[in-house]
>>> print(open('data.txt').read())   # compact mmCIF, C-alpha atoms
# COMPACT_ATOMS: atom_id res chain seq x y z
CA MET A 260 19.51 100.97 60.98
CA SER A 261 18.93 101.77 64.64
CA PRO A 262 15.47 102.20 66.19
CA GLN A 263 16.39 105.83 66.94
CA ARG A 264 17.09 106.46 63.26
CA CYS A 265 13.84 104.78 62.34
CA ASN A 266 12.00 107.05 64.75
CA GLU A 267 13.47 110.07 63.04
CA GLU A 268 12.40 108.80 59.66
CA ALA A 269 8.89 107.62 60.36
CA SER A 270 5.77 108.73 62.14
CA SER A 271 2.34 107.22 62.08
CA ALA A 272 -1.18 108.08 61.14
CA ALA A 273 -3.51 108.65 64.05
CA PRO A 274 -5.05 105.54 65.56
CA SER A 275 -8.64 105.00 64.55
CA ASP A 276 -10.79 106.98 66.95
CA GLY A 277 -14.25 106.47 65.52
CA ARG A 278 -14.55 110.04 64.17
CA GLY A 279 -14.76 108.95 60.56
CA ILE A 280 -12.59 109.67 57.55
CA ARG A 281 -13.63 113.31 57.13
CA ARG A 282 -12.44 114.34 60.59
CA ARG A 283 -9.18 112.44 60.21
CA VAL A 284 -8.54 114.11 56.87
CA GLU A 285 -9.20 117.49 58.46
CA ASP A 286 -6.41 116.74 60.94
CA LEU A 287 -4.05 116.63 58.00
CA GLU A 288 -4.82 120.19 56.96
CA GLY A 289 -1.99 121.49 59.13
CA ALA A 290 0.62 119.32 57.45
CA THR A 291 3.25 121.08 55.36
CA PRO A 292 2.67 120.68 51.60
CA CYS A 293 5.46 119.77 49.23
CA GLY A 294 5.58 123.08 47.40
CA GLY A 295 3.52 126.17 46.65
CA ASP A 296 3.26 125.64 42.90
CA ALA A 297 1.97 122.11 43.36
CA ARG A 298 -0.26 122.73 46.36
CA GLU A 299 -3.55 121.70 44.74
CA PHE A 300 -2.09 118.47 43.41
CA THR A 301 -0.25 117.55 46.61
CA ASP A 302 -3.30 118.36 48.73
CA LEU A 303 -5.31 115.94 46.59
CA LEU A 304 -2.66 113.25 47.02
CA ARG A 305 -2.58 113.84 50.75
CA ARG A 306 -6.34 113.51 51.05
CA ARG A 307 -6.45 110.34 48.98
CA TRP A 308 -3.58 108.88 51.00
CA ALA A 309 -5.25 109.76 54.31
CA MET A 310 -8.50 108.10 53.24
CA GLY A 311 -6.64 104.94 52.22
CA SER A 312 -7.72 105.11 48.57
CA ILE A 313 -4.12 105.39 47.41
CA SER A 314 -1.06 103.65 48.85
CA SER A 315 2.26 105.29 49.74
CA PRO A 316 3.98 103.82 46.65
CA GLY A 317 1.03 105.14 44.62
CA VAL A 318 1.57 108.68 45.94
CA ILE A 319 5.20 108.53 44.88
CA LYS A 320 4.36 107.18 41.41
CA PHE A 321 1.79 109.94 40.78
CA ALA A 322 4.20 112.60 42.02
CA ARG A 323 6.94 111.33 39.73
CA ALA A 324 4.58 111.32 36.77
CA ALA A 325 3.52 114.90 37.50
CA ALA A 326 7.14 116.00 37.86
CA SER A 327 8.02 114.39 34.53
CA GLN A 328 5.32 116.52 32.88
CA GLY A 329 6.70 119.76 34.26
CA ALA A 330 5.08 120.19 37.69
CA GLN A 331 7.22 122.40 39.92
CA ASN A 332 8.27 121.99 43.56
CA ILE A 333 7.02 118.43 43.76
CA GLY A 334 10.35 116.73 44.34
CA ALA A 335 9.69 115.91 48.02
CA CYS A 336 6.51 114.04 47.14
CA ALA A 337 8.38 112.01 44.53
CA GLY A 338 10.17 110.48 47.50
CA THR A 339 12.65 107.66 47.49
CA SER A 340 13.72 105.52 44.58
CA ASN A 341 12.77 102.45 46.64
CA LEU A 342 9.05 101.72 46.35
CA GLN A 343 8.96 99.03 49.03
CA SER A 344 6.05 99.77 51.34
CA LYS A 345 8.05 100.63 54.47
CA HIS A 346 10.41 103.01 52.65
CA ALA A 347 7.59 104.59 50.66
CA PHE A 348 5.54 105.24 53.80
CA ARG A 349 8.48 107.00 55.46
CA ALA A 350 9.08 109.13 52.37
CA VAL A 351 5.44 110.21 52.14
CA CYS A 352 5.34 111.03 55.86
CA ARG A 353 8.38 113.27 55.44
CA ALA A 354 6.80 114.95 52.41
CA VAL A 355 3.18 115.57 53.48
CA GLY A 356 3.34 115.29 57.26
CA THR A 357 1.09 113.33 59.59
CA PRO A 358 -2.19 114.05 61.41
CA ALA A 359 -1.90 116.71 64.08
CA ARG A 360 -1.11 115.49 67.62
CA ALA A 361 -0.85 111.85 66.49
CA PRO A 362 1.58 109.45 68.25
CA GLN A 363 4.66 108.34 66.36
CA ILE A 364 5.50 104.83 65.26
CA SER A 365 8.19 103.19 67.39
CA TRP A 366 10.42 100.33 66.29
CA ALA A 367 11.17 97.24 68.35
CA GLU A 368 14.40 95.36 67.72
CA LEU A 369 13.49 91.68 67.40
CA LYS A 370 15.50 88.60 66.53
CA ASN A 371 13.99 85.79 64.48
CA THR A 372 14.85 82.10 64.74
CA ASN A 373 17.78 82.60 62.34
CA GLY A 374 19.29 85.27 64.58
CA ASP A 375 18.56 88.08 62.11
CA VAL A 376 17.63 91.46 63.62
CA ILE A 377 14.27 92.81 62.46
CA PHE A 378 12.83 96.22 63.33
CA HIS A 379 9.11 95.79 63.84
CA PRO A 380 6.74 98.79 64.06
CA PHE A 381 4.44 99.40 67.01
CA VAL A 382 2.66 102.34 68.60
CA ASP A 383 3.84 102.80 72.17
CA PRO A 384 0.85 102.92 74.58
CA ILE A 385 2.57 105.82 76.38
CA ASP A 386 2.56 107.89 73.18
CA THR A 387 -1.04 106.91 72.40
CA LEU A 388 -2.41 107.88 75.81
CA GLU A 389 -0.50 111.16 75.87
CA ALA A 390 -1.90 111.92 72.41
CA TRP A 391 -5.43 111.42 73.74
CA TYR A 392 -4.70 113.74 76.67
CA ARG A 393 -3.73 116.42 74.16
CA LYS A 394 -7.12 116.10 72.47
CA GLY A 395 -8.82 117.87 75.36
CA PRO A 396 -11.04 116.96 78.35
CA LEU A 397 -14.20 116.06 76.43
CA VAL A 398 -12.48 113.50 74.19
CA LEU A 399 -10.45 112.24 77.15
CA LYS A 400 -13.55 111.53 79.24
CA GLN A 401 -15.28 109.65 76.45
CA ARG A 402 -12.24 107.67 75.42
CA ILE A 403 -10.13 107.13 78.55
CA THR A 404 -11.16 108.38 81.98
CA GLY A 405 -14.95 108.22 81.95
CA GLU A 406 -17.11 110.71 83.78
CA ASP A 407 -16.16 112.26 87.11
CA GLY A 408 -16.15 109.62 89.84
CA GLU A 409 -16.38 106.71 87.40
CA THR A 410 -12.91 105.36 88.23
CA ALA A 411 -13.70 105.30 91.95
CA GLN A 412 -16.94 103.46 91.24
CA PHE A 413 -15.12 100.95 89.03
CA TRP A 414 -12.57 100.02 91.72
CA HIS A 415 -15.20 99.71 94.44
CA ALA A 416 -16.77 96.63 92.83
CA PRO A 417 -13.76 94.23 92.58
CA ARG A 418 -12.24 94.83 96.04
CA ASP A 419 -12.30 91.09 96.79
CA HIS A 420 -10.79 90.15 93.43
CA PRO A 421 -7.13 88.94 93.45
CA THR A 422 -6.18 91.55 90.85
CA TYR A 423 -7.27 94.38 93.14
CA LYS A 424 -5.85 92.85 96.31
CA CYS A 425 -2.39 92.46 94.76
CA ASN A 426 -2.34 96.05 93.49
CA ALA A 427 -4.33 97.80 96.24
CA SER A 428 -1.32 99.74 97.52
CA ARG A 429 -0.82 101.36 94.11
CA ILE A 430 -4.44 101.76 92.95
CA SER A 431 -6.19 105.00 93.83
CA SER A 432 -9.68 106.29 93.10
CA THR A 433 -8.36 107.95 89.92
CA THR A 434 -6.38 105.01 88.50
CA VAL A 435 -7.63 104.16 85.00
CA PRO A 436 -8.10 100.41 84.30
CA LEU A 437 -6.78 99.16 80.96
CA GLY A 438 -7.52 96.01 79.00
CA LEU A 439 -5.63 94.21 76.22
CA HIS A 440 -7.30 92.61 73.21
CA GLY A 441 -5.74 90.06 70.86
CA ASP A 442 -7.39 89.16 67.58
CA ALA A 443 -6.01 86.22 65.62
CA ALA A 444 -9.13 85.23 63.69
CA PRO A 445 -8.51 82.44 61.16
CA THR A 446 -8.61 83.28 57.46
CA SER A 447 -8.70 81.23 54.28
CA LYS A 448 -6.73 81.76 51.07
CA ALA A 449 -4.93 84.74 52.62
CA ASP A 450 -2.16 85.41 55.09
CA GLY A 451 -3.85 86.10 58.42
CA LEU A 452 -3.13 89.20 60.45
CA PHE A 453 -2.72 89.16 64.22
CA THR A 454 -3.52 92.46 65.91
CA LEU A 455 -2.86 93.52 69.49
CA LYS A 456 -4.88 96.45 70.86
CA PHE A 457 -5.57 98.07 74.21
CA ASN A 458 -8.35 100.22 75.61
CA SER A 459 -9.58 101.90 78.75
CA LEU A 460 -12.26 99.86 80.50
CA LEU A 461 -14.03 103.15 81.17
CA GLY A 462 -14.22 104.20 77.51
CA HIS A 463 -17.65 104.74 75.95
CA GLY A 464 -18.53 103.58 72.44
CA ASP A 465 -18.06 100.60 70.16
CA ALA A 466 -14.80 98.72 69.62
CA ILE A 467 -13.58 100.99 66.82
CA ALA A 468 -14.18 104.06 68.96
CA THR A 469 -12.40 102.79 72.08
CA ARG A 470 -9.55 100.45 71.07
CA ASP A 471 -6.08 101.59 70.01
CA VAL A 472 -3.70 99.41 67.99
CA VAL A 473 -0.36 98.54 69.58
CA THR A 474 1.06 96.33 66.85
CA ALA A 475 0.16 93.86 64.10
CA PHE A 476 1.93 90.85 62.61
CA LYS A 477 1.39 88.78 59.50
CA LYS A 478 1.03 85.25 60.81
CA SER A 479 3.58 83.94 58.31
CA ASP A 480 6.18 86.40 59.70
CA LEU A 481 5.56 85.72 63.36
CA ASP A 482 7.09 83.04 65.53
CA LEU A 483 6.58 82.57 69.26
CA ASP A 484 9.97 83.95 70.26
CA MET A 485 9.52 87.15 68.23
CA PHE A 486 6.06 87.66 69.67
CA GLU A 487 7.34 87.30 73.23
CA GLN A 488 10.12 89.81 72.51
CA MET A 489 7.50 92.25 71.29
CA VAL A 490 5.38 91.61 74.39
CA ASP A 491 8.42 92.17 76.61
CA ARG A 492 8.87 95.62 75.07
CA ILE A 493 5.19 96.47 75.45
CA ALA A 494 5.16 95.31 79.08
CA TRP A 495 7.86 97.90 79.82
CA SER A 496 5.51 100.66 78.66
CA PHE A 497 2.50 99.43 80.63
CA ASN A 498 4.64 99.18 83.77
CA ALA A 499 5.78 102.77 83.28
CA LEU A 500 2.14 103.86 82.94
CA PHE A 501 1.30 102.06 86.19
CA LYS A 502 4.09 103.87 88.05
CA GLY A 503 3.27 107.19 86.41
CA VAL A 504 6.85 108.27 85.61
CA MET A 505 9.33 107.53 82.85
CA PRO A 506 11.78 104.85 84.06
CA ALA A 507 15.48 105.61 84.53
CA LEU A 508 16.41 102.96 81.95
CA GLN A 509 14.91 102.17 78.59
CA HIS A 510 13.81 98.65 77.76
CA ASN A 511 17.29 97.79 76.44
CA GLY A 512 19.06 99.06 79.56
CA VAL A 513 20.20 102.37 78.08
CA PRO A 514 19.61 105.46 80.29
CA HIS A 515 16.39 107.18 79.31
CA PRO A 516 16.78 110.85 78.30
CA GLU A 517 13.38 111.66 79.88
CA ALA A 518 13.89 109.68 83.10
CA GLY A 519 11.61 110.84 85.90
CA ARG A 520 9.20 112.72 83.62
CA THR A 521 5.58 112.55 84.77
CA LEU A 522 3.53 110.61 82.23
CA CYS A 523 0.10 111.51 80.89
CA TYR A 524 -0.19 114.68 82.96
CA GLY A 525 -0.15 112.70 86.20
CA GLY A 526 -2.49 109.90 85.13
CA ILE A 527 -1.97 106.35 86.47
CA PHE A 528 -3.01 103.29 84.44
CA ALA A 529 -3.37 99.68 85.63
CA THR A 530 -3.46 96.95 82.98
CA ILE A 531 -5.69 94.30 84.54
CA GLN A 532 -7.57 92.50 81.76
CA MET A 533 -6.95 90.52 78.57
CA ARG A 534 -9.56 89.45 76.03
CA GLY A 535 -9.33 87.50 72.81
CA ASP A 536 -10.44 84.55 70.74
CA TRP A 537 -9.25 80.99 71.27
CA GLU A 538 -6.72 81.08 68.44
CA TYR A 539 -5.06 84.07 70.07
CA TYR A 540 -4.85 82.35 73.44
CA SER A 541 -3.62 79.02 72.09
CA ASP A 542 -1.52 79.84 69.02
CA PHE A 543 0.02 83.14 70.15
CA LEU A 544 0.05 83.17 73.94
CA HIS A 545 0.51 79.37 74.16
CA LEU A 546 -1.08 79.47 77.60
CA HIS A 547 -1.33 75.69 77.58
CA ARG A 548 2.49 75.46 77.37
CA HIS A 549 4.10 78.35 79.23
CA LEU A 550 3.55 81.71 80.90
CA SER A 551 3.70 84.63 78.49
CA ASN A 552 5.77 87.78 78.93
CA PHE A 553 2.44 89.52 79.43
CA PHE A 554 2.82 88.49 83.06
CA LYS A 555 5.77 90.86 83.31
CA ILE A 556 3.13 93.59 83.48
CA ILE A 557 3.14 94.12 87.23
CA SER A 558 -0.59 94.95 87.49
CA PHE A 559 -1.69 91.93 85.41
CA ARG A 560 -2.65 88.54 86.83
CA PHE A 561 -3.85 85.24 85.39
CA GLU A 562 -7.33 85.95 86.79
CA GLY A 563 -7.50 88.90 84.40
CA ILE A 564 -7.69 86.64 81.33
CA VAL A 565 -11.29 86.48 80.11
CA VAL A 566 -13.05 84.88 77.17
CA GLU A 567 -15.18 87.25 75.14
CA ILE A 568 -18.90 86.52 74.96
CA LEU A 569 -18.89 87.37 71.25
CA HIS A 570 -16.43 84.58 70.43
CA CYS A 571 -18.15 82.10 72.74
CA LEU A 572 -21.49 82.65 71.05
CA ASP A 573 -20.42 83.07 67.43
CA LEU A 574 -17.80 80.31 67.34
CA GLY A 575 -18.89 77.91 70.06
CA VAL A 576 -22.65 78.04 70.63
CA SER A 577 -24.82 79.98 68.19
CA SER A 578 -23.71 78.22 65.01
CA HIS A 579 -24.63 74.84 66.54
CA LEU A 580 -27.93 75.98 68.04
CA ILE A 581 -29.18 77.65 64.87
CA ALA A 582 -28.29 74.69 62.64
CA ASN A 583 -29.88 72.13 64.98
CA VAL A 584 -33.10 74.14 65.23
CA LEU A 585 -33.37 74.48 61.43
CA VAL A 586 -32.69 70.78 60.85
CA GLU A 587 -35.33 69.78 63.44
CA ILE A 588 -37.90 72.08 61.80
CA MET A 589 -37.22 70.57 58.37
CA ALA A 590 -37.47 67.04 59.80
CA ARG A 591 -41.18 67.58 60.44
CA GLY A 592 -41.75 67.20 56.70
CA GLN A 593 -44.29 70.00 56.38
CA TRP A 594 -42.75 71.33 53.14
CA GLY A 595 -42.64 68.15 51.09
CA PRO A 596 -41.16 64.66 50.85
CA ASN A 597 -37.43 65.38 50.24
CA ARG A 598 -34.52 67.52 51.40
CA GLU A 599 -34.75 69.99 48.51
CA SER A 600 -38.40 70.81 49.19
CA HIS A 601 -37.67 71.09 52.91
CA MET A 602 -34.93 73.61 52.24
CA GLN A 603 -37.01 75.68 49.82
CA GLY A 604 -39.92 75.84 52.27
CA LEU A 605 -37.65 76.79 55.16
CA VAL A 606 -36.01 79.61 53.20
CA ALA A 607 -39.40 80.93 52.07
CA ASP A 608 -40.75 80.91 55.64
CA ILE A 609 -37.65 82.69 56.98
CA LYS A 610 -38.03 85.43 54.36
CA GLN A 611 -41.74 85.84 55.18
CA TRP A 612 -40.96 86.03 58.91
CA ARG A 613 -38.33 88.72 58.30
CA ARG A 614 -40.76 90.80 56.22
CA SER A 615 -43.56 90.51 58.80
CA HIS A 616 -41.22 91.61 61.60
CA LYS A 617 -39.55 94.31 59.45
CA LEU A 618 -36.04 93.04 60.14
CA ALA A 619 -33.11 94.39 58.14
CA HIS A 620 -30.68 91.67 59.22
CA ARG A 621 -30.50 88.37 57.39
CA LEU A 622 -28.26 85.35 56.95
CA GLN A 623 -25.27 85.99 54.73
CA GLY A 624 -25.19 84.01 51.51
CA GLU A 625 -27.60 81.40 50.16
CA LEU A 626 -28.96 78.99 52.75
CA VAL A 627 -28.43 75.44 51.45
CA PHE A 628 -28.43 72.13 53.28
CA ALA A 629 -24.66 71.72 52.91
CA ARG A 630 -24.23 74.73 55.20
CA LEU A 631 -26.14 73.01 58.01
CA ARG A 632 -24.62 69.57 58.42
CA THR A 633 -22.17 66.98 57.16
CA GLN A 634 -22.40 63.19 57.19
CA ALA A 635 -19.89 62.81 60.02
CA ASP A 636 -20.85 65.59 62.40
CA TRP A 637 -23.68 67.31 64.25
CA PRO A 638 -25.44 70.22 62.49
CA THR A 639 -23.39 73.40 62.36
CA LEU A 640 -24.17 76.59 60.46
CA LYS A 641 -21.15 77.17 58.24
CA ALA A 642 -20.02 80.39 56.61
CA PRO A 643 -21.15 80.88 52.98
>>> encode(input="data.txt", output="structure tokens")
Amino acid sequence: MSPQRCNEEASSAAPSDGRGIRRRVEDLEGATPCGGDAREFTDLLRRRWAMGSISSPGVIKFARAAASQGAQNIGACAGTSNLQSKHAFRAVCRAVGTPARAPQISWAELKNTNGDVIFHPFVDPIDTLEAWYRKGPLVLKQRITGEDGETAQFWHAPRDHPTYKCNASRISSTTVPLGLHGDAAPTSKADGLFTLKFNSLLGHGDAIATRDVVTAFKKSDLDLDMFEQMVDRIAWSFNALFKGVMPALQHNGVPHPEAGRTLCYGGIFATIQMRGDWEYYSDFLHLHRHLSNFFKIISFRFEGIVVEILHCLDLGVSSHLIANVLVEIMARGQWGPNRESHMQGLVADIKQWRRSHKLAHRLQGELVFARLRTQADWPTLKAP
């Protein structure tokens, strides 16, 4: 199946925008129901599906069961005979529609190590940004462009930075700076999920409210070559956003039907930053071995790679500091003669301190000595 055919068959839910489930469900109100006689039932399925409480195969199974009991005009919701997740999702999208003004899912043609062609879903950054422009000026300012004059102020600060110097001829006072974020956090007893996102560096709000997903891979399905093919496709989109017009040729060399079209209502976007945890940098980008296809993004330079403070503190500093402090306190022996009494006294004092300071936050799980140190290593606070 070609990527064009896939595009015709599938569209995506809106990227998370921090508005909450209720607002996202309201966006679905304009979607076309499956049939007048079954409107109440299909509206319920659509709401449950939009909130994530029922899967696409689940929607199809419920619709089939209702049809078997005599429900009318519900055939479209019953969908395909194939209940595999990707086919079920496409069938439900065709039946109940998608959130208003949401970007579509695109499909990248990738080859694995065996030479097999795989179509992998991603949300094109061009489609995502144009979807945000359609949301209106208030949402656009909060999410993408910032307040009036904020882009000019942003570019004034790094004028001596190599990233700015190399792109100065193309950067104007209205160019929006973009950043990439890779998350490849390790997991246990489950197949990990690598996620690539992007965001405007002028966006206001927390991570959920400002980052948009580009693509995600199960770690067991991803090899380095496939990842670099995906990055090569994404780089094409970010380069188009930097130039501000749709290129004459698509990523695969085929003439683009919208060549020369102005993108994002005249907006220009420069991708200048990348953030992520160490596993992302080492296991996915392999920066210690080779240069990634991310450097095909013409506005991006090596100096734009940064290490997030959150990961430095949580994974590299705080866990060691906290454990060492607690072990040193217990070593004073003020709570008894052995390790068990030390631990009980420490936990009791921590609880009392939290109550006296009216703190809602606390350590996750039971605090036991095994979480603080091992026989062969320095103290480290381990996860429960």
>>> atom_distance(input="data.txt", atom1="atom CA of Val435 of chain A", atom2="atom CA of Gly526 of chain A")
7.7 Å
>>> axis_aligned_box(input="data.txt", around="segment 519-522 of chain A", padding_each_side="6 Å", output="JSON")
{"center_x": 7.6, "center_y": 111.7, "center_z": 84.1, "size_x": 20.1, "size_y": 14.1, "size_z": 15.7}
>>> residues_near_point(input="data.txt", point="(-34.8, 70.0, 54.5)", cutoff="12 Å", atoms="all atoms listed in the file", output="PyMOL selection string")
chain A and resi 582-606+626-632
>>> write_last_selection(input="data.txt", atoms="C-alpha atoms", output="PDB file, in the coordinates of the input")
ATOM      1  CA  ALA A 582     -28.290  74.690  62.640  1.00  0.00           C
ATOM      2  CA  ASN A 583     -29.880  72.130  64.980  1.00  0.00           C
ATOM      3  CA  VAL A 584     -33.100  74.140  65.230  1.00  0.00           C
ATOM      4  CA  LEU A 585     -33.370  74.480  61.430  1.00  0.00           C
ATOM      5  CA  VAL A 586     -32.690  70.780  60.850  1.00  0.00           C
ATOM      6  CA  GLU A 587     -35.330  69.780  63.440  1.00  0.00           C
ATOM      7  CA  ILE A 588     -37.900  72.080  61.800  1.00  0.00           C
ATOM      8  CA  MET A 589     -37.220  70.570  58.370  1.00  0.00           C
ATOM      9  CA  ALA A 590     -37.470  67.040  59.800  1.00  0.00           C
ATOM     10  CA  ARG A 591     -41.180  67.580  60.440  1.00  0.00           C
ATOM     11  CA  GLY A 592     -41.750  67.200  56.700  1.00  0.00           C
ATOM     12  CA  GLN A 593     -44.290  70.000  56.380  1.00  0.00           C
ATOM     13  CA  TRP A 594     -42.750  71.330  53.140  1.00  0.00           C
ATOM     14  CA  GLY A 595     -42.640  68.150  51.090  1.00  0.00           C
ATOM     15  CA  PRO A 596     -41.160  64.660  50.850  1.00  0.00           C
ATOM     16  CA  ASN A 597     -37.430  65.380  50.240  1.00  0.00           C
ATOM     17  CA  ARG A 598     -34.520  67.520  51.400  1.00  0.00           C
ATOM     18  CA  GLU A 599     -34.750  69.990  48.510  1.00  0.00           C
ATOM     19  CA  SER A 600     -38.400  70.810  49.190  1.00  0.00           C
ATOM     20  CA  HIS A 601     -37.670  71.090  52.910  1.00  0.00           C
ATOM     21  CA  MET A 602     -34.930  73.610  52.240  1.00  0.00           C
ATOM     22  CA  GLN A 603     -37.010  75.680  49.820  1.00  0.00           C
ATOM     23  CA  GLY A 604     -39.920  75.840  52.270  1.00  0.00           C
ATOM     24  CA  LEU A 605     -37.650  76.790  55.160  1.00  0.00           C
ATOM     25  CA  VAL A 606     -36.010  79.610  53.200  1.00  0.00           C
ATOM     26  CA  LEU A 626     -28.960  78.990  52.750  1.00  0.00           C
ATOM     27  CA  VAL A 627     -28.430  75.440  51.450  1.00  0.00           C
ATOM     28  CA  PHE A 628     -28.430  72.130  53.280  1.00  0.00           C
ATOM     29  CA  ALA A 629     -24.660  71.720  52.910  1.00  0.00           C
ATOM     30  CA  ARG A 630     -24.230  74.730  55.200  1.00  0.00           C
ATOM     31  CA  LEU A 631     -26.140  73.010  58.010  1.00  0.00           C
ATOM     32  CA  ARG A 632     -24.620  69.570  58.420  1.00  0.00           C
TER      33      ARG A 632
END
>>> closest_residue(input="data.txt", among="A:Ala494, A:Met485, A:Ala619, A:Ala309", to="Val376 of chain A", atoms="only C-alpha atoms")
A:Met485
>>> atom_distance(input="data.txt", atom1="atom CA of Arg613 of chain A", atom2="atom CA of Thr639 of chain A")
21.8 Å
>>> residues_around(input="data.txt", residues="Pro506 of chain A", least_positions_apart="2", cutoff="10 Å", atoms="only C-alpha atoms", output="MDAnalysis selection string")
chainID A and resid 495:496 498:500 502:504 508:510 514:521
>>> write_last_selection(input="data.txt", atoms="C-alpha atoms", output="JSON list (two decimals), in the frame of the given file")
[["chain", "number", "residue", "atom", "x", "y", "z"],
["A", 495, "TRP", "CA", 7.86, 97.90, 79.82],
["A", 496, "SER", "CA", 5.51, 100.66, 78.66],
["A", 498, "ASN", "CA", 4.64, 99.18, 83.77],
["A", 499, "ALA", "CA", 5.78, 102.77, 83.28],
["A", 500, "LEU", "CA", 2.14, 103.86, 82.94],
["A", 502, "LYS", "CA", 4.09, 103.87, 88.05],
["A", 503, "GLY", "CA", 3.27, 107.19, 86.41],
["A", 504, "VAL", "CA", 6.85, 108.27, 85.61],
["A", 508, "LEU", "CA", 16.41, 102.96, 81.95],
["A", 509, "GLN", "CA", 14.91, 102.17, 78.59],
["A", 510, "HIS", "CA", 13.81, 98.65, 77.76],
["A", 514, "PRO", "CA", 19.61, 105.46, 80.29],
["A", 515, "HIS", "CA", 16.39, 107.18, 79.31],
["A", 516, "PRO", "CA", 16.78, 110.85, 78.30],
["A", 517, "GLU", "CA", 13.38, 111.66, 79.88],
["A", 518, "ALA", "CA", 13.89, 109.68, 83.10],
["A", 519, "GLY", "CA", 11.61, 110.84, 85.90],
["A", 520, "ARG", "CA", 9.20, 112.72, 83.62],
["A", 521, "THR", "CA", 5.58, 112.55, 84.77]]
>>> closest_residue(input="data.txt", among="A:Gly438, A:Leu640, A:Thr372, A:Phe554", to="Asp480 of chain A", atoms="only C-alpha atoms")
A:Thr372
>>> closest_residue(input="data.txt", among="A:Ala416, A:Val490, A:Ile319, A:Ile403", to="Thr469 of chain A", atoms="all atoms listed in the file")
A:Ile403
>>> atom_distance(input="data.txt", atom1="atom CA of Met505 of chain A", atom2="atom CA of Gly525 of chain A")
11.3 Å
>>> residues_around(input="data.txt", residues="Thr434 of chain A", least_positions_apart="4", cutoff="12 Å", atoms="all atoms listed in the file", output="ChimeraX atom specification")
/A:403-405,408-415,423,426-430,459-461,500-503,523,525-531,558
>>> residues_around(input="data.txt", residues="Lys456 of chain A", least_positions_apart="5", cutoff="9 Å", atoms="only C-alpha atoms", output="list in words")
Gly438, Leu439, His440, Gly441, Asp442, Arg470, Asp471, Val472, Val473, Thr474 and Ala475 of chain A
>>> write_last_selection(input="data.txt", atoms="C-alpha atoms", output="mmCIF file, in the coordinates of the input")
data_model
loop_
_atom_site.group_PDB
_atom_site.id
_atom_site.type_symbol
_atom_site.label_atom_id
_atom_site.label_comp_id
_atom_site.auth_asym_id
_atom_site.auth_seq_id
_atom_site.Cartn_x
_atom_site.Cartn_y
_atom_site.Cartn_z
ATOM 1 C CA GLY A 438 -7.520 96.010 79.000
ATOM 2 C CA LEU A 439 -5.630 94.210 76.220
ATOM 3 C CA HIS A 440 -7.300 92.610 73.210
ATOM 4 C CA GLY A 441 -5.740 90.060 70.860
ATOM 5 C CA ASP A 442 -7.390 89.160 67.580
ATOM 6 C CA ARG A 470 -9.550 100.450 71.070
ATOM 7 C CA ASP A 471 -6.080 101.590 70.010
ATOM 8 C CA VAL A 472 -3.700 99.410 67.990
ATOM 9 C CA VAL A 473 -0.360 98.540 69.580
ATOM 10 C CA THR A 474 1.060 96.330 66.850
ATOM 11 C CA ALA A 475 0.160 93.860 64.100
#
>>> residues_around(input="data.txt", residues="Ser312 of chain A", least_positions_apart="6", cutoff="12 Å", atoms="only C-alpha atoms", output="ChimeraX atom specification")
/A:280,303-306,318
>>> write_last_selection(input="data.txt", atoms="C-alpha atoms", output="compact mmCIF listing (two decimals), keeping the file's coordinate frame")
# COMPACT_ATOMS: atom_id res chain seq x y z
CA ILE A 280 -12.59 109.67 57.55
CA LEU A 303 -5.31 115.94 46.59
CA LEU A 304 -2.66 113.25 47.02
CA ARG A 305 -2.58 113.84 50.75
CA ARG A 306 -6.34 113.51 51.05
CA VAL A 318 1.57 108.68 45.94
>>> closest_residue(input="data.txt", among="A:Asp407, A:Thr301, A:Ala468, A:Asp386", to="Ser432 of chain A", atoms="only C-alpha atoms")
A:Asp407
